[in-house]
Structures are given as C-alpha cells and as structure tokens.
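The file protein-v4.txt comes next; it holds compact mmCIF, C-alpha atoms.
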# COMPACT_ATOMS: atom_id res chain seq x y z
CA MET U 1 0.00 0.00 0.00
CA MET U 2 1.45 3.35 -1.03
CA ILE U 3 0.05 6.86 -1.43
CA GLU U 4 1.58 8.34 -4.56
CA ALA U 5 0.03 11.82 -4.52
CA VAL U 6 -2.66 13.99 -2.98
CA ARG U 7 -4.41 17.05 -4.35
CA LEU U 8 -6.08 19.40 -1.88
CA HIS U 9 -8.48 22.05 -3.12
CA GLY U 10 -10.03 24.36 -0.53
CA PHE U 11 -9.29 21.87 2.25
CA ARG U 12 -8.51 23.57 5.57
CA ASN U 13 -5.70 26.08 4.81
CA TYR U 14 -4.74 24.49 1.46
CA GLU U 15 -5.93 26.55 -1.52
CA ASP U 16 -4.85 24.25 -4.35
CA GLU U 17 -1.87 22.03 -3.70
CA THR U 18 -0.70 18.81 -5.35
CA ILE U 19 1.99 16.79 -3.60
CA ALA U 20 3.65 13.56 -4.74
CA PHE U 21 5.27 11.19 -2.26
CA PRO U 22 7.98 8.52 -2.43
CA ARG U 23 7.83 5.14 -0.72
CA ALA U 24 9.74 6.32 2.34
CA ILE U 25 9.50 7.78 5.83
CA ILE U 26 8.09 11.21 5.02
CA LEU U 27 8.70 13.99 7.55
CA LEU U 28 6.05 16.70 7.34
CA TYR U 29 7.70 19.49 9.31
CA GLY U 30 7.21 23.15 10.02
CA LYS U 31 6.04 25.48 12.77
CA ASN U 32 2.73 25.04 14.55
CA GLY U 33 -0.38 26.07 12.61
CA GLN U 34 1.13 25.72 9.13
CA GLY U 35 -0.92 22.73 7.91
CA LYS U 36 1.10 19.62 8.72
CA THR U 37 -1.70 17.90 10.61
CA ASN U 38 -4.23 19.17 8.06
CA LEU U 39 -2.32 17.30 5.37
CA LEU U 40 -2.19 14.14 7.49
CA GLU U 41 -5.91 14.54 8.19
CA SER U 42 -6.65 14.63 4.45
CA LEU U 43 -4.73 11.37 3.94
CA TYR U 44 -6.63 9.74 6.80
CA MET U 45 -9.92 10.77 5.25
CA GLY U 46 -9.04 8.66 2.24
CA GLY U 47 -9.15 5.57 4.44
CA ILE U 48 -12.14 6.31 6.66
CA GLY U 49 -14.07 9.10 4.93
CA LYS U 50 -14.02 11.44 7.92
CA SER U 51 -11.62 13.34 10.15
CA TYR U 52 -9.89 11.61 13.06
CA ARG U 53 -10.01 14.88 15.00
CA GLY U 54 -13.78 14.76 15.51
CA THR U 55 -14.29 17.70 13.16
CA ALA U 56 -17.56 18.23 11.26
CA ASP U 57 -17.22 17.95 7.48
CA ALA U 58 -18.25 21.60 6.95
CA ASP U 59 -15.40 22.75 9.20
CA LEU U 60 -12.87 21.09 6.90
CA ILE U 61 -13.75 23.52 4.12
CA GLY U 62 -11.52 26.61 3.88
CA TRP U 63 -12.73 30.09 4.76
CA ASN U 64 -14.81 31.86 2.11
CA ARG U 65 -15.33 28.61 0.20
CA ASP U 66 -18.46 26.56 -0.36
CA GLN U 67 -16.69 23.38 -1.42
CA ALA U 68 -13.46 21.45 -0.87
CA SER U 69 -11.99 18.28 -2.32
CA VAL U 70 -9.33 15.70 -1.52
CA ILE U 71 -8.03 13.48 -4.32
CA ILE U 72 -5.63 10.67 -3.40
CA ASN U 73 -3.80 8.54 -5.94
CA PHE U 74 -2.50 5.36 -4.37
CA ARG U 75 -1.21 1.94 -5.26
CA ARG U 76 -2.72 -1.25 -3.85
CA SER U 77 -1.42 -4.67 -4.86
CA GLU U 78 0.60 -2.86 -7.53
CA THR U 79 -2.62 -1.48 -9.05
CA GLN U 80 -3.10 2.29 -9.29
CA GLN U 81 -6.33 3.57 -7.78
CA GLN U 82 -7.92 6.91 -6.91
CA LEU U 83 -10.09 8.19 -4.08
CA LYS U 84 -11.99 11.45 -4.25
CA ILE U 85 -13.80 13.19 -1.40
CA ILE U 86 -15.97 16.23 -2.15
CA LEU U 87 -17.14 18.36 0.76
CA SER U 88 -19.85 20.98 0.41
CA ARG U 89 -21.61 23.42 2.69
CA MET U 90 -24.78 22.97 0.64
CA ALA U 91 -24.89 19.23 -0.03
CA LYS U 92 -23.96 15.86 1.44
CA LYS U 93 -20.38 14.67 1.26
CA GLU U 94 -19.52 12.64 -1.84
CA LEU U 95 -17.08 9.72 -1.82
CA TRP U 96 -15.69 8.31 -5.06
CA VAL U 97 -13.51 5.25 -5.68
CA ASN U 98 -12.07 5.01 -9.20
CA GLU U 99 -14.79 7.32 -10.56
CA THR U 100 -17.59 5.33 -8.88
CA LYS U 101 -19.63 7.05 -6.18
CA VAL U 102 -19.78 4.91 -3.00
CA PRO U 103 -21.31 5.12 0.48
CA GLN U 104 -18.91 5.40 3.40
CA ARG U 105 -19.35 1.75 4.36
CA GLU U 106 -17.91 0.79 0.95
CA LEU U 107 -15.01 3.24 1.22
CA VAL U 108 -13.65 1.76 4.46
CA GLY U 109 -10.99 -0.82 3.64
CA THR U 110 -10.11 0.58 0.21
CA LEU U 111 -7.01 2.45 1.42
CA ASN U 112 -5.73 0.81 4.60
CA GLU U 113 -4.05 3.11 7.11
CA VAL U 114 -2.93 2.96 10.74
CA LEU U 115 -2.94 6.21 12.71
CA PHE U 116 -0.77 6.83 15.79
CA SER U 117 -1.50 10.10 17.59
CA PRO U 118 -0.82 11.44 21.10
CA ASP U 119 -4.36 10.36 22.03
CA ASP U 120 -3.30 6.75 21.47
CA LEU U 121 -0.84 7.06 24.34
CA GLN U 122 -4.00 7.21 26.48
CA LEU U 123 -5.17 3.81 25.18
CA ILE U 124 -4.20 2.01 28.36
CA LYS U 125 -5.11 4.55 31.03
CA GLY U 126 -7.92 6.26 29.10
CA SER U 127 -11.60 5.32 28.93
CA PRO U 128 -12.86 1.96 27.57
CA SER U 129 -14.36 3.80 24.58
CA LEU U 130 -10.83 4.48 23.28
CA ARG U 131 -9.98 0.79 23.37
CA ARG U 132 -13.27 -0.20 21.72
CA ARG U 133 -12.67 2.37 18.99
CA PHE U 134 -9.17 0.96 18.47
CA MET U 135 -10.57 -2.54 17.93
CA ASP U 136 -13.42 -1.38 15.71
CA MET U 137 -11.27 0.81 13.44
CA GLU U 138 -8.68 -1.87 12.78
CA ILE U 139 -11.13 -4.72 12.17
CA SER U 140 -13.37 -2.54 9.99
CA GLN U 141 -10.50 -1.82 7.60
CA VAL U 142 -9.98 -5.50 6.85
CA SER U 143 -13.58 -6.73 7.18
CA ARG U 144 -16.44 -4.86 5.56
CA PRO U 145 -19.01 -7.32 7.01
CA TYR U 146 -17.79 -6.36 10.48
CA TYR U 147 -18.18 -2.66 9.71
CA ARG U 148 -21.71 -3.21 8.39
CA ASP U 149 -22.64 -5.26 11.47
CA LEU U 150 -21.22 -2.56 13.71
CA LEU U 151 -23.28 0.17 12.03
CA GLN U 152 -26.47 -1.87 12.30
CA TYR U 153 -25.72 -2.82 15.90
CA ASN U 154 -25.18 0.82 16.91
CA ARG U 155 -28.49 1.79 15.26
CA ALA U 156 -30.33 -0.97 17.11
CA VAL U 157 -28.82 0.08 20.46
CA SER U 158 -29.82 3.70 19.79
CA GLN U 159 -33.39 2.66 19.00
CA ARG U 160 -33.60 0.47 22.10
CA ASN U 161 -32.31 3.33 24.26
CA LEU U 162 -35.04 5.58 22.88
CA MET U 163 -37.63 2.96 23.81
CA LEU U 164 -36.14 2.66 27.31
CA LYS U 165 -36.58 6.39 27.83
CA LYS U 166 -40.22 6.13 26.76
CA MET U 167 -40.76 3.19 29.10
CA LYS U 168 -39.61 5.15 32.11
CA TYR U 169 -42.49 7.58 31.64
CA GLU U 170 -45.05 5.71 29.51
CA GLY U 171 -44.88 2.16 30.82
CA ILE U 172 -44.00 -1.09 29.08
CA HIS U 173 -43.21 -1.23 25.36
CA SER U 174 -42.10 -4.34 23.49
CA LEU U 175 -38.33 -4.49 22.96
CA GLU U 176 -38.37 -7.90 21.28
CA GLU U 177 -37.38 -6.63 17.83
CA TRP U 178 -34.42 -4.62 19.14
CA ASP U 179 -33.30 -7.26 21.65
CA ARG U 180 -33.15 -9.93 18.93
CA GLN U 181 -31.22 -7.63 16.59
CA ILE U 182 -28.79 -6.57 19.30
CA ALA U 183 -28.20 -10.14 20.43
CA GLY U 184 -27.46 -11.35 16.91
CA PHE U 185 -25.12 -8.52 16.00
CA ALA U 186 -23.43 -8.65 19.42
CA ALA U 187 -22.50 -12.30 18.98
CA SER U 188 -21.10 -11.66 15.49
CA ILE U 189 -19.13 -8.55 16.56
CA VAL U 190 -17.62 -10.20 19.62
CA ALA U 191 -16.66 -13.30 17.60
CA LYS U 192 -14.70 -11.15 15.17
CA ARG U 193 -13.14 -9.10 17.97
CA LEU U 194 -11.95 -12.25 19.74
CA GLU U 195 -10.52 -13.62 16.50
CA ALA U 196 -8.66 -10.36 15.81
CA LEU U 197 -7.54 -10.02 19.41
CA HIS U 198 -6.02 -13.50 19.33
CA LYS U 199 -3.75 -12.39 16.48
CA LEU U 200 -3.07 -8.93 17.89
CA SER U 201 -2.24 -10.29 21.34
CA PHE U 202 0.30 -12.72 19.90
CA LEU U 203 1.92 -10.08 17.67
CA ALA U 204 1.93 -7.41 20.38
CA GLY U 205 3.44 -9.88 22.84
CA VAL U 206 6.31 -10.70 20.49
CA LEU U 207 6.97 -7.04 19.67
CA HIS U 208 6.68 -5.96 23.30
CA LYS U 209 9.22 -8.58 24.33
CA ARG U 210 11.58 -7.21 21.69
CA LEU U 211 11.03 -3.60 22.76
CA SER U 212 11.58 -4.46 26.43
CA ARG U 213 14.66 -6.49 25.50
CA GLY U 214 13.09 -9.70 26.70
CA ALA U 215 12.30 -8.38 30.16
CA GLU U 216 8.49 -8.36 29.84
CA LYS U 217 5.65 -9.93 27.87
CA LEU U 218 2.42 -8.09 27.10
CA ASP U 219 -0.97 -9.82 27.31
CA LEU U 220 -4.35 -8.52 26.08
CA THR U 221 -7.59 -9.76 27.65
CA TYR U 222 -11.14 -9.12 26.42
CA VAL U 223 -13.51 -8.33 29.28
CA GLN U 224 -17.29 -7.95 29.56
CA PRO U 225 -18.54 -6.17 32.70
CA TYR U 226 -22.02 -7.72 32.53
CA GLY U 227 -21.48 -11.45 31.99
CA GLY U 228 -20.45 -12.50 35.47
CA GLY U 229 -17.12 -13.73 34.13
CA ASP U 230 -18.74 -16.29 31.80
CA THR U 231 -16.59 -16.47 28.65
CA SER U 232 -18.00 -19.74 27.30
CA ARG U 233 -20.98 -18.16 25.49
CA GLN U 234 -19.55 -14.88 24.22
CA THR U 235 -20.48 -15.76 20.62
CA ASP U 236 -23.98 -17.13 21.40
CA PRO U 237 -26.87 -14.79 20.45
CA GLU U 238 -29.18 -16.48 22.97
CA TRP U 239 -26.79 -15.60 25.82
CA TYR U 240 -26.97 -11.90 24.95
CA TYR U 241 -30.75 -12.08 24.54
CA ALA U 242 -31.16 -13.68 27.98
CA LEU U 243 -28.91 -11.05 29.57
CA LEU U 244 -30.95 -8.25 27.99
CA GLN U 245 -34.12 -9.71 29.51
CA ARG U 246 -32.47 -10.17 32.90
CA ARG U 247 -31.20 -6.59 33.05
CA LEU U 248 -34.30 -4.90 31.63
CA GLU U 249 -35.37 -3.29 34.90
CA GLU U 250 -31.94 -1.77 35.43
CA ASP U 251 -31.80 -0.62 31.80
CA VAL U 252 -35.15 1.16 32.16
CA ARG U 253 -33.92 2.87 35.31
CA ARG U 254 -30.66 3.96 33.63
CA GLN U 255 -32.33 4.57 30.24
CA SER U 256 -29.48 2.83 28.45
CA THR U 257 -28.55 -0.66 27.27
CA SER U 258 -26.07 -2.32 29.64
CA VAL U 259 -25.33 -5.46 27.60
CA GLY U 260 -23.32 -5.75 24.40
CA PRO U 261 -19.97 -4.97 22.76
CA HIS U 262 -20.49 -1.22 23.27
CA ARG U 263 -19.78 -1.95 26.97
CA ASP U 264 -16.77 -4.26 26.51
CA ASP U 265 -13.13 -3.46 27.22
CA LEU U 266 -9.52 -4.59 26.87
CA VAL U 267 -7.10 -5.15 29.73
CA PHE U 268 -3.35 -4.77 29.13
CA SER U 269 -1.15 -6.71 31.52
CA VAL U 270 2.46 -7.69 32.03
CA GLY U 271 2.57 -10.84 34.12
CA PRO U 272 -0.07 -10.45 36.84
CA ALA U 273 0.05 -6.64 36.74
CA ASP U 274 -2.75 -4.62 35.09
CA LEU U 275 -0.83 -1.85 33.31
CA ARG U 276 -3.68 0.60 33.70
CA LYS U 277 -3.47 0.36 37.50
CA TYR U 278 0.14 -0.56 38.16
CA GLY U 279 2.19 0.18 35.02
CA SER U 280 4.71 2.99 34.91
CA GLN U 281 4.42 5.60 32.17
CA GLY U 282 7.36 3.94 30.40
CA GLN U 283 5.68 0.52 30.55
CA GLN U 284 2.43 1.95 29.27
CA ARG U 285 4.10 3.69 26.32
CA THR U 286 6.07 0.58 25.42
CA ALA U 287 2.83 -1.43 25.45
CA VAL U 288 1.02 1.10 23.23
CA LEU U 289 3.93 1.17 20.78
CA ALA U 290 3.93 -2.64 20.63
CA LEU U 291 0.18 -2.55 20.00
CA LYS U 292 0.46 -0.01 17.16
CA LEU U 293 3.23 -2.05 15.52
CA SER U 294 1.11 -5.19 15.89
CA GLU U 295 -1.69 -3.37 14.02
CA LEU U 296 0.59 -3.05 11.02
CA GLU U 297 1.35 -6.77 11.07
CA TYR U 298 -2.31 -7.64 11.63
CA VAL U 299 -3.48 -5.65 8.60
CA LYS U 300 -0.75 -7.28 6.50
CA SER U 301 -1.81 -10.75 7.67
CA GLU U 302 -5.42 -10.01 6.65
CA THR U 303 -4.85 -8.14 3.37
CA GLY U 304 -1.45 -9.31 2.13
CA GLU U 305 0.28 -5.94 2.36
CA TYR U 306 1.21 -3.36 4.95
CA PRO U 307 -1.05 -0.32 5.46
CA VAL U 308 0.18 3.26 5.27
CA LEU U 309 1.28 4.53 8.70
CA LEU U 310 0.30 8.05 9.85
CA LEU U 311 2.12 9.47 12.90
CA ASP U 312 0.61 12.74 14.14
CA ASP U 313 3.15 14.55 16.34
CA VAL U 314 3.78 11.40 18.35
CA MET U 315 7.55 11.07 17.97
CA SER U 316 8.30 13.90 20.38
CA GLU U 317 6.24 12.00 22.97
CA LEU U 318 8.51 8.94 22.69
CA ASP U 319 12.04 8.71 24.01
CA GLN U 320 15.02 8.13 21.73
CA ASP U 321 14.99 4.33 22.10
CA ARG U 322 11.29 4.01 21.25
CA ARG U 323 11.60 6.44 18.31
CA GLN U 324 14.49 4.42 16.94
CA ALA U 325 12.61 1.14 17.40
CA LEU U 326 9.60 2.51 15.52
CA LEU U 327 11.68 3.85 12.63
CA ASP U 328 13.69 0.63 12.38
CA PHE U 329 10.44 -1.33 12.17
CA VAL U 330 8.93 0.69 9.29
CA ARG U 331 12.05 1.60 7.29
CA ASP U 332 12.14 0.25 3.72
CA ARG U 333 8.83 -1.61 4.00
CA ILE U 334 6.03 0.69 5.25
CA GLN U 335 5.28 4.11 3.80
CA THR U 336 5.11 6.38 6.84
CA PHE U 337 4.02 10.01 7.27
CA ILE U 338 5.27 11.85 10.36
CA THR U 339 4.28 15.35 11.44
CA THR U 340 6.79 17.17 13.62
CA THR U 341 7.93 20.62 14.71
CA GLU U 342 11.31 19.15 15.61
CA PRO U 343 12.99 17.78 12.45
CA GLY U 344 16.29 17.82 14.32
CA ILE U 345 15.36 14.71 16.29
CA PHE U 346 15.50 12.77 13.01
CA ALA U 347 18.95 14.04 12.05
CA GLY U 348 21.14 11.20 10.89
CA MET U 349 18.27 8.70 10.70
CA ALA U 350 18.35 6.87 7.39
CA GLY U 351 15.41 6.61 5.01
CA CYS U 352 13.71 9.91 5.93
CA HIS U 353 12.34 12.25 3.24
CA PRO U 354 11.73 15.79 4.62
CA VAL U 355 8.79 17.90 3.38
CA CYS U 356 8.57 21.47 4.66
CA ILE U 357 5.06 22.91 5.12
CA GLU U 358 4.36 26.61 5.54
CA LYS U 359 0.96 28.34 5.39
CA GLY U 360 -0.71 25.49 3.50
CA LYS U 361 2.03 25.13 0.91
CA VAL U 362 4.94 22.79 0.36
CA LEU U 363 8.09 24.91 0.36
CA TYR U 364 10.30 22.02 -0.63
CA GLY U 365 10.54 18.25 -0.38
CA GLY U 366 7.35 17.28 -2.17
CA THR U 367 7.10 16.84 -5.91
CA GLU U 368 4.53 19.13 -7.50
CA SER U 369 2.67 17.66 -10.46
In structure tokens, what does this structure look like?
Amino acid sequence: MMIEAVRLHGFRNYEDETIAFPRAIILLYGKNGQGKTNLLESLYMGGIGKSYRGTADADLIGWNRDQASVIINFRRSETQQQLKIILSRMAKKELWVNETKVPQRELVGTLNEVLFSPDDLQLIKGSPSLRRRFMDMEISQVSRPYYRDLLQYNRAVSQRNLMLKKMKYEGIHSLEEWDRQIAGFAASIVAKRLEALHKLSFLAGVLHKRLSRGAEKLDLTYVQPYGGGDTSRQTDPEWYYALLQRRLEEDVRRQSTSVGPHRDDLVFSVGPADLRKYGSQGQQRTAVLALKLSELEYVKSETGEYPVLLLDDVMSELDQDRRQALLDFVRDRIQTFITTTEPGIFAGMAGCHPVCIEKGKVLYGGTES
C-alpha cells in the first residue's frame, strides 16, 4: 500500500496544492499552525471518509469557500487507484472510488491506514471507549461485514435506548425486535473481535518482548462487565438475549442498554500486573507502541500488504529508544508520514524524506505535479 500523490483544493488552509510522495519515511515538518496535521488529516480521510479529530465535514472547508476536495492517488497490490472526497456546505459529502460514487461503508478498507497520535498514548489509562474504537477501526478496515454489522448494531442500540426512555415515563413497550437484533449482531461482533484479538495479542506480545529487550511480555484480555465472568458463550446470540431480559429493569432505570460490545473493554497486563493500575508511564508507552506495531502486522496478515502509517506529532512523545525502534520497524517496508515541529530529532536517521510545510504550501521536499 502506497500513497503516490494527494491534491487538496479548498481543504482547511490548502488553496490548491498537489503533492507527490515517495515510498519512504516522510517527515512533514514546520512550525505550529502551518498545515502539517491538516495534510495528514486529508490522507486519513481517504481511508475512513471522515476526520480523526472529531471535526464536522463543513469545518474542513476553507474560509470563504463553499466546497473542498481531496483526491488521493495510491497503489494497492501494484494497481493504481484513486479516491476522491468532495465536501460541500450545501450538499452531502460525496465519496468516489475510481470514478464510482460509493457510500462510506464501501469506502472503508479501500485504502488501509494505521494512525498513531498522542491520544493513542491514552489507550491504556484512558476510557474503555478508546480501546473499543481501536478494535473497531482496525477490524473494519480489513472486514467490511464487520463494519456493516457494527453500524447496524449501533443503530439498534440507539433505538432500544429511545424505547427505554419512553418506558420510564409511559410504561412497558415491546423491545423484542431490538433485543433480537442486538443479540445477533453482538454475537457476530464479539466473535470477530476475539478472532482479531487473538492475532493482535500474539503479535503485540512478540513485539513488546523485543522492545523491552526480553524483560516483559504483554498480554491482552477481552472483558465484559455484565457477563459474570462467563466467557463460554460470548459468541452465542441467545446468551446476549437472555442477559438483555435479565437486566431490563436496570436498563429502564438507567435509560441505556447495559449489555453488548459497546460496553466491553480490553485489559493490558504484564505478568499479573494490570498496566492501567500498576504500570509505569514507560511501561504503558512501550505497550502502546507494541500494540500499534502489531496493528501493522495484523493488517498485513489479513490483506497481504502493509497499510500506510500516519504518525501525528507522536515522535516527540517517545524517548530516543522508542523512536528508533519505531523507525527501524517501518524503514524500507512501510510508507510512513510523520508530522513534527522538531525535524532535528530525526537528524542522521536513514530513510527519511523531509517535506517542509508553511501556510498550507509545500516549500520544498514534495514533488509538485
């Protein structure tokens, strides 16, 4: 997987810029507020169809413009392809793959990417929602059925929650339709998560052992706060259905659904120690780095080639040893984009291609076409 070029028209602070990229470690550097992260954000949109910064589509359009576009030319399995995203203040977003208009669910998985941002350093000690999002984003890129199931599951949970709110004030309503849907999708989603986690846990354990120079081994455990510790029926729809019935009274009181993969979590541990509770900052960062590197290997195992790696201002958060380990892992095999305000920390590191960004323009380093 390789991004060959991107054209930005009216996107954020880019008026009309076309940039070509080599298969290398690409350093996007410059002062704060110049457009480095905006450029990385545009590349990420090619994989997911939306910003990773939680920004509304209309806010991605430059000032005094009604429309913006992102066009990405990339190579997958040695075949050239193109993605086009058109944003408008007046109309719905349009997504195009090789001149064919597609819905977002069909875009996901076309251009595989792994993002590593400072927020990911909170994966271990942050909220469970961060860890669920991590699982969902990675599996969705390699399994469109999983992404479709996830969308339908989230809709069903939202509808059930609306009914629960009505029930608190209006009395009993039938939840049979939503409970059956939720139970079926929950079993399918958890089955795929467990399958993916089995691979990720093995890969992360190997990489963590290497990063810690053999001193520690990382383990990942899937946990469900509502099942009473029963892991034997995690992929059985009837188990989820029965739990939904059992917890109905509590759900009505809380006006939310307490059973299902939207409540599940991951536990990171080294030996008997839960890293969230007992890990040092260094241990936590080593574990997150091992996890992000395992993502790259996981995507390759599922698709046959490495994804593009996007690093948003994360290198300054890692110490010299972890930076070097990351660069050594990706060099000469994974196209990597790194935003930084400190290009000096990469001085002397082989395989880096610097691109200077200033006020939404490439001053040098990119190849205009």
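Of the listed residues U:Tyr52, U:Phe185, U:Phe21, U:Tyr29, the one whose atoms come nearest to Ser117 of chain U is U:Tyr52, with distances taken using only C-alpha atoms.
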Can you check which parts of segment 245-304 of chain U lie within 12 Å of segment 97-113 of chain U? Per residue, the shortest pair of atoms and distance in Å to one decimal, counting all atoms listed in the file, sorted by chain and number, as a Markdown table.
| residue | atom | partner | partner_atom | distance |
| --- | --- | --- | --- | --- |
| U:Lys292 | CA | U:Glu113 | CA | 11.4 |
| U:Glu295 | CA | U:Glu113 | CA | 9.8 |
| U:Leu296 | CA | U:Glu113 | CA | 8.6 |
| U:Glu297 | CA | U:Glu113 | CA | 11.9 |
| U:Tyr298 | CA | U:Asn112 | CA | 11.5 |
| U:Val299 | CA | U:Asn112 | CA | 7.9 |
| U:Lys300 | CA | U:Asn112 | CA | 9.7 |
| U:Glu302 | CA | U:Asn112 | CA | 11.0 |
| U:Thr303 | CA | U:Asn112 | CA | 9.1 |
| U:Gly304 | CA | U:Asn112 | CA | 11.3 |
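Of note, atom CA of Glu78 of chain U and atom CA of Val308 of chain U are spaced 14.2 Å apart.
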From atom CA of Tyr241 of chain U to atom CA of Thr221 of chain U the spacing works out at 23.5 Å
Restrict the calculation to all atoms listed in the file, then for each residue of segment 118-212 of chain U with any atom at most 9 Å from an atom of segment 244-249 of chain U give the closest atom pair and their distance in Å to one decimal, rows by chain and rising residue number, as a Markdown table.
| residue | atom | partner | partner_atom | distance |
| --- | --- | --- | --- | --- |
| U:Leu164 | CA | U:Leu248 | CA | 8.9 |
| U:Asp179 | CA | U:Leu244 | CA | 6.8 |
| U:Ala183 | CA | U:Leu244 | CA | 8.3 |
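Compared by their closest atoms to Thr257 of chain U, and using only C-alpha atoms, the residues U:Ser129, U:Asn64, U:Gln281, U:Gln159 rank with U:Gln159 nearest.
When atom CA of Gly47 of chain U is paired with atom CA of Pro145 of chain U, their separation reads 16.4 Å.
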Set the distance at 8 Å and use all atoms listed in the file: which residues neighbour Ser88 of chain U once local chain neighbours fewer than 5 positions away are removed? I'd like the list as a ChimeraX atom specification.
/U:58,61,66-68,93
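Shell of segment 146-154 of chain U at 9 Å, with all atoms listed in the file counted and residues fewer than 3 places along the chain excluded, is Arg105, Val108, Asp136, Met137, Ile139, Ser140, Gln141, Val142, Ser143, Val157, Ser158, Gln159, Gln181, Ile182, Ala183, Gly184, Phe185, Ala186, Ser188, Ile189, Lys192 and His262 of chain U.
Closest approach to Leu40 of chain U among U:Leu309, U:Ala204, U:Ile334, U:Ala325: U:Leu309, based on only C-alpha atoms.
When all atoms listed in the file are used to measure the gap to Glu4 of chain U, the shortest distance among U:Gln81, U:Met315, U:Glu216, U:Val259 belongs to U:Gln81.
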| Neighbour list for Asn32 of chain U as an MDAnalysis selection string, cut-off 12 Å, only C-alpha atoms, skip fewer than 5 positions in-chain | chainID U and resid 37:38 313 339:342 357:360
Kindly save the residues from that selection, with C-alpha atoms included, as a short mmCIF file (atom, residue, chain, number, x, y, z; two decimals), keeping the file's coordinate frame.
data_model
loop_
_atom_site.label_atom_id
_atom_site.label_comp_id
_atom_site.auth_asym_id
_atom_site.auth_seq_id
_atom_site.Cartn_x
_atom_site.Cartn_y
_atom_site.Cartn_z
CA THR U 37 -1.70 17.90 10.61
CA ASN U 38 -4.23 19.17 8.06
CA ASP U 313 3.15 14.55 16.34
CA THR U 339 4.28 15.35 11.44
CA THR U 340 6.79 17.17 13.62
CA THR U 341 7.93 20.62 14.71
CA GLU U 342 11.31 19.15 15.61
CA ILE U 357 5.06 22.91 5.12
CA GLU U 358 4.36 26.61 5.54
CA LYS U 359 0.96 28.34 5.39
CA GLY U 360 -0.71 25.49 3.50
#
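If only C-alpha atoms are the atoms counted, then among U:Asp120, U:Lys361, U:Gly227, U:Ser256 the closest residue to Arg12 of chain U is U:Lys361.
Minimum distance to Phe74 of chain U across U:Gly282, U:Gly351, U:Pro22, U:Gly35 (counting all atoms listed in the file) occurs at U:Pro22.
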Long-range neighbours of Met2 of chain U as a ChimeraX atom specification, 8 Å cut-off, only C-alpha atoms, 3 positions minimum in chain = /U:23,74-76,307-308,335
message: If we count only C-alpha atoms and set the cut-off at 9 Å, which residues sit around Lys165 of chain U, ignoring sequence neighbours fewer than 6 positions away in its own chain? Please answer as a ChimeraX atom specification.
response: /U:252-256
Export of prior selection with C-alpha atoms as a CSV table (one decimal), in the coordinates of the input:
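Output below, filename part_39.csv:
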chain,number,residue,atom,x,y,z
U,252,VAL,CA,-35.2,1.2,32.2
U,253,ARG,CA,-33.9,2.9,35.3
U,254,ARG,CA,-30.7,4.0,33.6
U,255,GLN,CA,-32.3,4.6,30.2
U,256,SER,CA,-29.5,2.8,28.4
Could you give me segment 347-364 of chain U completed to N, CA and C atoms, formatted as an mmCIF file, in the frame of the given file?
data_model
loop_
_atom_site.group_PDB
_atom_site.id
_atom_site.type_symbol
_atom_site.label_atom_id
_atom_site.label_comp_id
_atom_site.auth_asym_id
_atom_site.auth_seq_id
_atom_site.Cartn_x
_atom_site.Cartn_y
_atom_site.Cartn_z
ATOM 1 N N ALA U 347 17.654 13.836 12.701
ATOM 2 C CA ALA U 347 18.950 14.040 12.050
ATOM 3 C C ALA U 347 19.777 12.758 12.103
ATOM 4 N N GLY U 348 20.294 12.376 10.954
ATOM 5 C CA GLY U 348 21.140 11.200 10.890
ATOM 6 C C GLY U 348 20.394 9.883 10.772
ATOM 7 N N MET U 349 19.046 9.932 10.826
ATOM 8 C CA MET U 349 18.270 8.700 10.700
ATOM 9 C C MET U 349 18.033 8.402 9.225
ATOM 10 N N ALA U 350 18.421 7.223 8.799
ATOM 11 C CA ALA U 350 18.350 6.870 7.390
ATOM 12 C C ALA U 350 16.912 6.669 6.930
ATOM 13 N N GLY U 351 16.690 6.920 5.631
ATOM 14 C CA GLY U 351 15.410 6.610 5.010
ATOM 15 C C GLY U 351 14.345 7.662 5.184
ATOM 16 N N CYS U 352 14.699 8.857 5.698
ATOM 17 C CA CYS U 352 13.710 9.910 5.930
ATOM 18 C C CYS U 352 13.695 10.916 4.772
ATOM 19 N N HIS U 353 12.513 11.294 4.333
ATOM 20 C CA HIS U 353 12.340 12.250 3.240
ATOM 21 C C HIS U 353 11.627 13.475 3.800
ATOM 22 N N PRO U 354 12.344 14.608 3.995
ATOM 23 C CA PRO U 354 11.730 15.790 4.620
ATOM 24 C C PRO U 354 10.851 16.584 3.637
ATOM 25 N N VAL U 355 9.692 17.036 4.139
ATOM 26 C CA VAL U 355 8.790 17.900 3.380
ATOM 27 C C VAL U 355 8.432 19.080 4.271
ATOM 28 N N CYS U 356 8.811 20.276 3.852
ATOM 29 C CA CYS U 356 8.570 21.470 4.660
ATOM 30 C C CYS U 356 7.228 22.101 4.300
ATOM 31 N N ILE U 357 6.387 22.327 5.306
ATOM 32 C CA ILE U 357 5.060 22.910 5.120
ATOM 33 C C ILE U 357 5.020 24.290 5.755
ATOM 34 N N GLU U 358 4.519 25.268 4.996
ATOM 35 C CA GLU U 358 4.360 26.610 5.540
ATOM 36 C C GLU U 358 3.115 27.255 4.929
ATOM 37 N N LYS U 359 2.183 27.648 5.784
ATOM 38 C CA LYS U 359 0.960 28.340 5.390
ATOM 39 C C LYS U 359 0.200 27.598 4.281
ATOM 40 N N GLY U 360 0.071 26.288 4.453
ATOM 41 C CA GLY U 360 -0.710 25.490 3.500
ATOM 42 C C GLY U 360 -0.032 25.254 2.175
ATOM 43 N N LYS U 361 1.272 25.389 2.136
ATOM 44 C CA LYS U 361 2.030 25.130 0.910
ATOM 45 C C LYS U 361 3.267 24.317 1.223
ATOM 46 N N VAL U 362 3.698 23.536 0.238
ATOM 47 C CA VAL U 362 4.940 22.790 0.360
ATOM 48 C C VAL U 362 6.072 23.684 -0.137
ATOM 49 N N LEU U 363 6.959 24.061 0.771
ATOM 50 C CA LEU U 363 8.090 24.910 0.360
ATOM 51 C C LEU U 363 9.130 24.098 -0.398
ATOM 52 N N TYR U 364 9.400 22.920 0.111
ATOM 53 C CA TYR U 364 10.300 22.020 -0.630
ATOM 54 C C TYR U 364 10.160 20.617 -0.032
#
